[in-house]
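Trainee: Take a look at this one; I'll ask things after.
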Amino acid sequence: MTESAHDHMPPAHPGLRAHPEPRARPAPPERSGPLPAGPPVPTGQPVPADLPVPADALPPADAPPLVSAGQLFTRITAQLGHQLSHVARNGTRRNMHSDTPALVVVAHGSRDPRTLRTVTTLLDRVRELRPGLDVRLGHIEINAPALPDTLAALGSGRAVLVPLLLSRGVHIKRDLPAFAAAAAPRLETRIAAPLGPHPLLVEALYERLVEAGWPTDGASHDLPHDLPRLPGDAGVVLAAAGSRDPESAADTRHTAALLSERLGGVLVVPAYASAASPTVPEALRALAARGRHRTAVASYFTAPGHFAARSAAAAPWIAAAPLGAHPALARLLLLRYEAALASAPESYGTTARHQLAAV
């Protein structure tokens, strides 16, 4: 037997009126057989006048009255969805009217599905470190959400674009300022520095090498003490994506020097998967020519992908995993966000336009 929509009308929501005037419940259709047992349904009773009614829950004066349970249910669902949008993943209530700028993490984008999963996990770690902060993701290319869509969804207000990029280059100098300028003056923006070079990145690189089997005495960071001692012919190739911008190469060389220091003076040579030299195989051959036959590849990539896989495949000994969702990266994203907020007294939009004009 088919049931009418009115047979299970949802109870009145405490913040909504079903009809501006008292309305009797329509008579139910005739049934054959006994009615199911249950509490009596009140009929012809108006919604009590003393119930609190939020202003945004009331329909406009010229709106047609709600005439069906389906329409009432739709309105209740929309109101609940609006309320749930104020709740963060950890259950805390977001301050949607805060003057704190949003943190927009800008990723490059990749066709490798592992990349988006890794970046999403990283953003979750950022949210755990800073509950209540509006943290969003935008891609320069390939993946959704695209950065222009993310900026458009923010509407008006302020945002800090924090690139999930490891060095300076064309994306930092040209693309991000262009995106920010396109969103102005509706959205005021600042652009943070790239992640590298920074000691937190070096710590993440070191721990990824240890996870891959790099020998250590376990004297720090609660690492195991039963790993083999470091051989005298060890070396490391720091494999990066590569760029034609000379400042990008300078940033990678700086990171290689910091990693060498962290490894106790082990020779670390930067190499590139594209657009720059030496390549990873060339750097490995150069180290072998200098007597470094036990060579590891440190993966200076933010997430798994084609370049990272190709670089790791060339390793004659061990290859570390990409930086991924390492906790140090989550902390570094917040540090870059805070540094951008503390810099430059001019307005956000002006900062973006000045950066664009300087390219």
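We name chains A, B, ... following the order of the structure tokens; residues begin at 1 in each chain, and ligands are numbered from 1 as shown.
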Could you give me, as a PyMOL selection string, the residues within 12 Å of Ala152 in chain A, counting only C-alpha atoms and dropping anything in the same chain fewer than 5 positions from it?
Mentor: chain A and resi 104+136+138+145-147+157-159+179-180+182-188
Trainee: Can you list every residue in range 162-309 of chain A that DSSP puts in strand (DSSP E or B), as number ranges by chain?
Mentor: A: 162-163, 187-191, 234-240, 268-272, 279, 294-299
Trainee: Between A:Thr279, A:Ser343, A:Ser274, A:Thr302, which one has atoms that come closest to Ala328 in chain A, using only C-alpha atoms?
Mentor: A:Thr302
Trainee: Measuring atom to atom with only C-alpha atoms, identify which of A:Arg310, A:Arg336, A:Arg190, A:His293 is nearest to Pro177 in chain A.
Mentor: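 That would be A:Arg190, the residue with the smallest distance to Pro177 in chain A.
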Trainee: Which of these, A:Ala289, A:Leu332, A:Leu166, A:Leu284, has the shortest distance to Arg253 in chain A once you count only C-alpha atoms?
Mentor: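 Using only C-alpha atoms, Arg253 in chain A sits closest to A:Leu166.
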Trainee: Which is closest to Ala339 in chain A among A:Ile191, A:Ala314, A:Pro199, A:Ala234, if we use only C-alpha atoms?
Mentor: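 Looking only at the distances to Ala339 in chain A, the closest residue turns out to be A:Ile191.
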Trainee: Tell me, as a ChimeraX atom specification, which residues lie within 8 Å of range 267-272 of chain A, counting only C-alpha atoms; anything in the same chain fewer than 5 positions away does not count.
Mentor: /A:234-242,252-253,256-257,259-260,277-280,283
Trainee: With C-alpha atoms retained, export the selected residues as a short mmCIF file (atom, residue, chain, number, x, y, z; two decimals), in the first residue's frame.
Mentor:
```
data_model
loop_
_atom_site.label_atom_id
_atom_site.label_comp_id
_atom_site.auth_asym_id
_atom_site.auth_seq_id
_atom_site.Cartn_x
_atom_site.Cartn_y
_atom_site.Cartn_z
CA ALA A 234 78.19 7.46 1.09
CA GLY A 235 76.69 10.39 -0.77
CA VAL A 236 73.29 11.89 -1.48
CA VAL A 237 71.65 13.28 -4.60
CA LEU A 238 68.97 15.84 -3.78
CA ALA A 239 66.47 15.27 -6.61
CA ALA A 240 64.29 18.31 -7.39
CA ALA A 241 61.83 19.16 -10.15
CA GLY A 242 64.00 21.80 -11.83
CA THR A 252 67.90 24.05 -4.22
CA ARG A 253 71.66 24.39 -3.72
CA ALA A 256 71.48 20.72 -0.37
CA ALA A 257 74.05 22.52 1.80
CA LEU A 259 70.99 18.76 4.30
CA SER A 260 74.73 18.03 4.09
CA SER A 277 71.26 20.24 -15.04
CA PRO A 278 72.73 18.07 -13.79
CA THR A 279 70.08 15.39 -14.13
CA VAL A 280 69.78 12.77 -11.42
CA ALA A 283 74.80 13.56 -10.55
#
```
Trainee: My list of candidates is A:Ala193, A:Ala298, A:Val210, A:Leu165. Which is closest to Ala340 in chain A when distances are computed with only C-alpha atoms?
Mentor: A:Ala193
Trainee: Range 162-164 of chain A: which residues within 10 Å, counting only C-alpha atoms, same-chain residues fewer than 5 positions away excluded, as an MDAnalysis selection string?
Mentor: chainID A and resid 103:108 119 137:140 171:172 176 190:196 302:303 329 332:337 340
Trainee: Write the residues you've just listed into a file as a tab-separated table (two decimals), in the first residue's frame, and include N, CA, C and O atoms for each of them.
Mentor:
```tsv
chain	number	residue	atom	x	y	z
A	103	LEU	N	43.69	30.93	4.67
A	103	LEU	CA	44.95	30.38	4.18
A	103	LEU	C	44.63	29.54	2.96
A	103	LEU	O	43.94	28.51	3.07
A	104	VAL	N	45.10	29.97	1.80
A	104	VAL	CA	44.87	29.24	0.55
A	104	VAL	C	46.18	28.57	0.16
A	104	VAL	O	47.14	29.24	-0.24
A	105	VAL	N	46.23	27.25	0.28
A	105	VAL	CA	47.41	26.51	-0.13
A	105	VAL	C	47.35	26.32	-1.65
A	105	VAL	O	46.36	25.81	-2.19
A	106	VAL	N	48.40	26.75	-2.33
A	106	VAL	CA	48.42	26.71	-3.79
A	106	VAL	C	49.33	25.56	-4.22
A	106	VAL	O	50.56	25.62	-4.04
A	107	ALA	N	48.74	24.51	-4.77
A	107	ALA	CA	49.49	23.36	-5.27
A	107	ALA	C	49.62	23.46	-6.78
A	107	ALA	O	48.82	24.12	-7.45
A	108	HIS	N	50.62	22.78	-7.31
A	108	HIS	CA	50.82	22.84	-8.76
A	108	HIS	C	49.76	22.05	-9.51
A	108	HIS	O	49.17	22.53	-10.47
A	119	VAL	N	48.15	15.86	-0.78
A	119	VAL	CA	47.95	17.28	-0.46
A	119	VAL	C	46.74	17.46	0.44
A	119	VAL	O	46.75	18.27	1.38
A	137	LEU	N	42.24	24.90	-0.63
A	137	LEU	CA	43.20	24.42	-1.62
A	137	LEU	C	42.84	24.97	-2.99
A	137	LEU	O	41.67	25.02	-3.37
A	138	GLY	N	43.86	25.40	-3.74
A	138	GLY	CA	43.68	25.81	-5.13
A	138	GLY	C	44.85	25.32	-5.95
A	138	GLY	O	45.99	25.32	-5.48
A	139	HIS	N	44.59	24.88	-7.19
A	139	HIS	CA	45.63	24.35	-8.06
A	139	HIS	C	45.95	25.32	-9.19
A	139	HIS	O	45.06	25.99	-9.72
A	140	ILE	N	47.21	25.35	-9.55
A	140	ILE	CA	47.64	26.18	-10.68
A	140	ILE	C	47.16	25.57	-11.99
A	140	ILE	O	46.74	26.27	-12.91
A	171	HIS	N	56.11	30.34	-11.25
A	171	HIS	CA	54.81	30.30	-10.59
A	171	HIS	C	54.75	31.34	-9.46
A	171	HIS	O	53.73	32.00	-9.28
A	172	ILE	N	55.85	31.47	-8.72
A	172	ILE	CA	55.89	32.44	-7.63
A	172	ILE	C	55.91	33.86	-8.16
A	172	ILE	O	55.22	34.75	-7.66
A	176	LEU	N	51.15	33.39	-9.59
A	176	LEU	CA	50.39	33.72	-8.38
A	176	LEU	C	50.02	35.20	-8.30
A	176	LEU	O	48.87	35.53	-7.97
A	190	ARG	N	47.54	38.46	-0.09
A	190	ARG	CA	48.99	38.50	0.00
A	190	ARG	C	49.54	37.16	-0.46
A	190	ARG	O	48.85	36.14	-0.37
A	191	ILE	N	50.76	37.17	-0.93
A	191	ILE	CA	51.40	35.94	-1.41
A	191	ILE	C	52.60	35.64	-0.52
A	191	ILE	O	53.49	36.47	-0.37
A	192	ALA	N	52.60	34.47	0.08
A	192	ALA	CA	53.68	34.06	0.95
A	192	ALA	C	54.88	33.58	0.13
A	192	ALA	O	54.78	33.31	-1.06
A	193	ALA	N	56.01	33.47	0.80
A	193	ALA	CA	57.22	32.96	0.17
A	193	ALA	C	57.08	31.46	-0.09
A	193	ALA	O	56.27	30.77	0.55
A	194	PRO	N	57.86	30.91	-1.02
A	194	PRO	CA	57.86	29.45	-1.20
A	194	PRO	C	58.36	28.76	0.06
A	194	PRO	O	58.96	29.38	0.95
A	195	LEU	N	58.16	27.46	0.14
A	195	LEU	CA	58.50	26.74	1.36
A	195	LEU	C	60.01	26.68	1.60
A	195	LEU	O	60.46	26.67	2.74
A	196	GLY	N	60.78	26.58	0.52
A	196	GLY	CA	62.21	26.42	0.71
A	196	GLY	C	62.99	27.65	0.29
A	196	GLY	O	62.48	28.51	-0.42
A	302	THR	N	57.11	17.60	-3.19
A	302	THR	CA	56.08	17.71	-2.17
A	302	THR	C	55.15	16.51	-2.14
A	302	THR	O	54.51	16.25	-1.10
A	303	ALA	N	55.06	15.76	-3.24
A	303	ALA	CA	54.11	14.64	-3.28
A	303	ALA	C	54.56	13.64	-4.33
A	303	ALA	O	55.40	13.95	-5.19
A	329	LEU	N	55.98	19.93	7.13
A	329	LEU	CA	55.42	20.75	6.06
A	329	LEU	C	54.18	21.49	6.53
A	329	LEU	O	53.95	22.64	6.15
A	332	LEU	N	55.35	24.35	8.46
A	332	LEU	CA	55.98	25.36	7.61
A	332	LEU	C	54.94	26.17	6.83
A	332	LEU	O	55.10	27.38	6.64
A	333	LEU	N	53.87	25.54	6.40
A	333	LEU	CA	52.79	26.28	5.73
A	333	LEU	C	52.23	27.37	6.64
A	333	LEU	O	51.97	28.49	6.20
A	334	LEU	N	52.05	27.04	7.91
A	334	LEU	CA	51.53	28.03	8.86
A	334	LEU	C	52.57	29.12	9.13
A	334	LEU	O	52.22	30.30	9.29
A	335	LEU	N	53.85	28.76	9.18
A	335	LEU	CA	54.89	29.77	9.37
A	335	LEU	C	54.93	30.75	8.21
A	335	LEU	O	55.06	31.97	8.41
A	336	ARG	N	54.82	30.25	6.99
A	336	ARG	CA	54.81	31.13	5.82
A	336	ARG	C	53.56	32.03	5.83
A	336	ARG	O	53.62	33.20	5.43
A	337	TYR	N	52.45	31.48	6.26
A	337	TYR	CA	51.20	32.26	6.37
A	337	TYR	C	51.39	33.40	7.36
A	337	TYR	O	51.06	34.56	7.07
A	340	ALA	N	53.72	36.14	6.06
A	340	ALA	CA	53.09	37.00	5.07
A	340	ALA	C	52.17	38.02	5.75
A	340	ALA	O	52.09	39.18	5.32
```
Trainee: Given the choices A:Pro101, A:Pro113, A:Pro322, A:Pro246, which gets closest to Arg168 in chain A if the distance is worked out from only C-alpha atoms?
Mentor: A:Pro246
Trainee: Ala325 in chain A: which residues within 12 Å, counting only C-alpha atoms, same-chain residues fewer than 2 positions away excluded, as a PyMOL selection string?
Mentor: chain A and resi 114-126+164+201+204+208+301-304+321-323+327-333
Trainee: Output C-alpha atoms for every residue in that selection, as a PDB file, in the first residue's frame.
Mentor:
```pdb
ATOM      1  CA  ARG A 114      48.333  10.054  -5.216  1.00  0.00           C
ATOM      2  CA  THR A 115      49.313  13.703  -5.373  1.00  0.00           C
ATOM      3  CA  LEU A 116      45.858  15.085  -4.596  1.00  0.00           C
ATOM      4  CA  ARG A 117      45.348  12.559  -1.803  1.00  0.00           C
ATOM      5  CA  THR A 118      48.676  13.557  -0.257  1.00  0.00           C
ATOM      6  CA  VAL A 119      47.949  17.275  -0.459  1.00  0.00           C
ATOM      7  CA  THR A 120      44.492  16.785   1.047  1.00  0.00           C
ATOM      8  CA  THR A 121      46.030  14.911   3.990  1.00  0.00           C
ATOM      9  CA  LEU A 122      48.564  17.703   4.432  1.00  0.00           C
ATOM     10  CA  LEU A 123      45.798  20.309   4.601  1.00  0.00           C
ATOM     11  CA  ASP A 124      44.002  18.246   7.233  1.00  0.00           C
ATOM     12  CA  ARG A 125      47.164  18.401   9.336  1.00  0.00           C
ATOM     13  CA  VAL A 126      47.277  22.169   8.942  1.00  0.00           C
ATOM     14  CA  LEU A 164      53.153  24.471  -1.910  1.00  0.00           C
ATOM     15  CA  LEU A 201      62.228  21.007   5.049  1.00  0.00           C
ATOM     16  CA  ALA A 204      61.664  16.280   6.753  1.00  0.00           C
ATOM     17  CA  ARG A 208      62.495  10.451   4.913  1.00  0.00           C
ATOM     18  CA  PHE A 301      59.201  16.777  -4.085  1.00  0.00           C
ATOM     19  CA  THR A 302      56.078  17.710  -2.166  1.00  0.00           C
ATOM     20  CA  ALA A 303      54.111  14.642  -3.278  1.00  0.00           C
ATOM     21  CA  PRO A 304      54.382  11.433  -5.329  1.00  0.00           C
ATOM     22  CA  ALA A 321      59.910   9.001  -0.307  1.00  0.00           C
ATOM     23  CA  PRO A 322      58.704  12.511  -1.216  1.00  0.00           C
ATOM     24  CA  LEU A 323      58.072  14.981   1.594  1.00  0.00           C
ATOM     25  CA  PRO A 327      54.204  17.233   9.953  1.00  0.00           C
ATOM     26  CA  ALA A 328      57.100  19.605   9.282  1.00  0.00           C
ATOM     27  CA  LEU A 329      55.417  20.748   6.055  1.00  0.00           C
ATOM     28  CA  ALA A 330      52.162  21.493   7.874  1.00  0.00           C
ATOM     29  CA  ARG A 331      54.071  23.618  10.390  1.00  0.00           C
ATOM     30  CA  LEU A 332      55.978  25.358   7.613  1.00  0.00           C
ATOM     31  CA  LEU A 333      52.791  26.280   5.726  1.00  0.00           C
TER      32      LEU A 333
END
```
Trainee: In Å, with one decimal, what is the gap from CA of Ala313 in chain A to CA of Ser299 in chain A?
Mentor: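 Separation between CA of Ala313 in chain A and CA of Ser299 in chain A: 11.2 Å.
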Trainee: What separation in Å, quoted to one decimal, exists between CA of Gly305 in chain A and CA of Gly109 in chain A?
Mentor: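 The value is 10.0 Å.
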Trainee: Among range 138-238 of chain A, which residues carry a DSSP assignment of alpha helix (DSSP H), reported as number ranges by chain?
Mentor: A: 147-154, 170, 176-183, 199-212
Trainee: Please list as a ChimeraX atom specification every residue within 12 Å of Gly264 in chain A, counting only C-alpha atoms and excluding residues in the same chain fewer than 6 positions away.
Mentor: /A:206,215-217,230,232,234-235,257-258
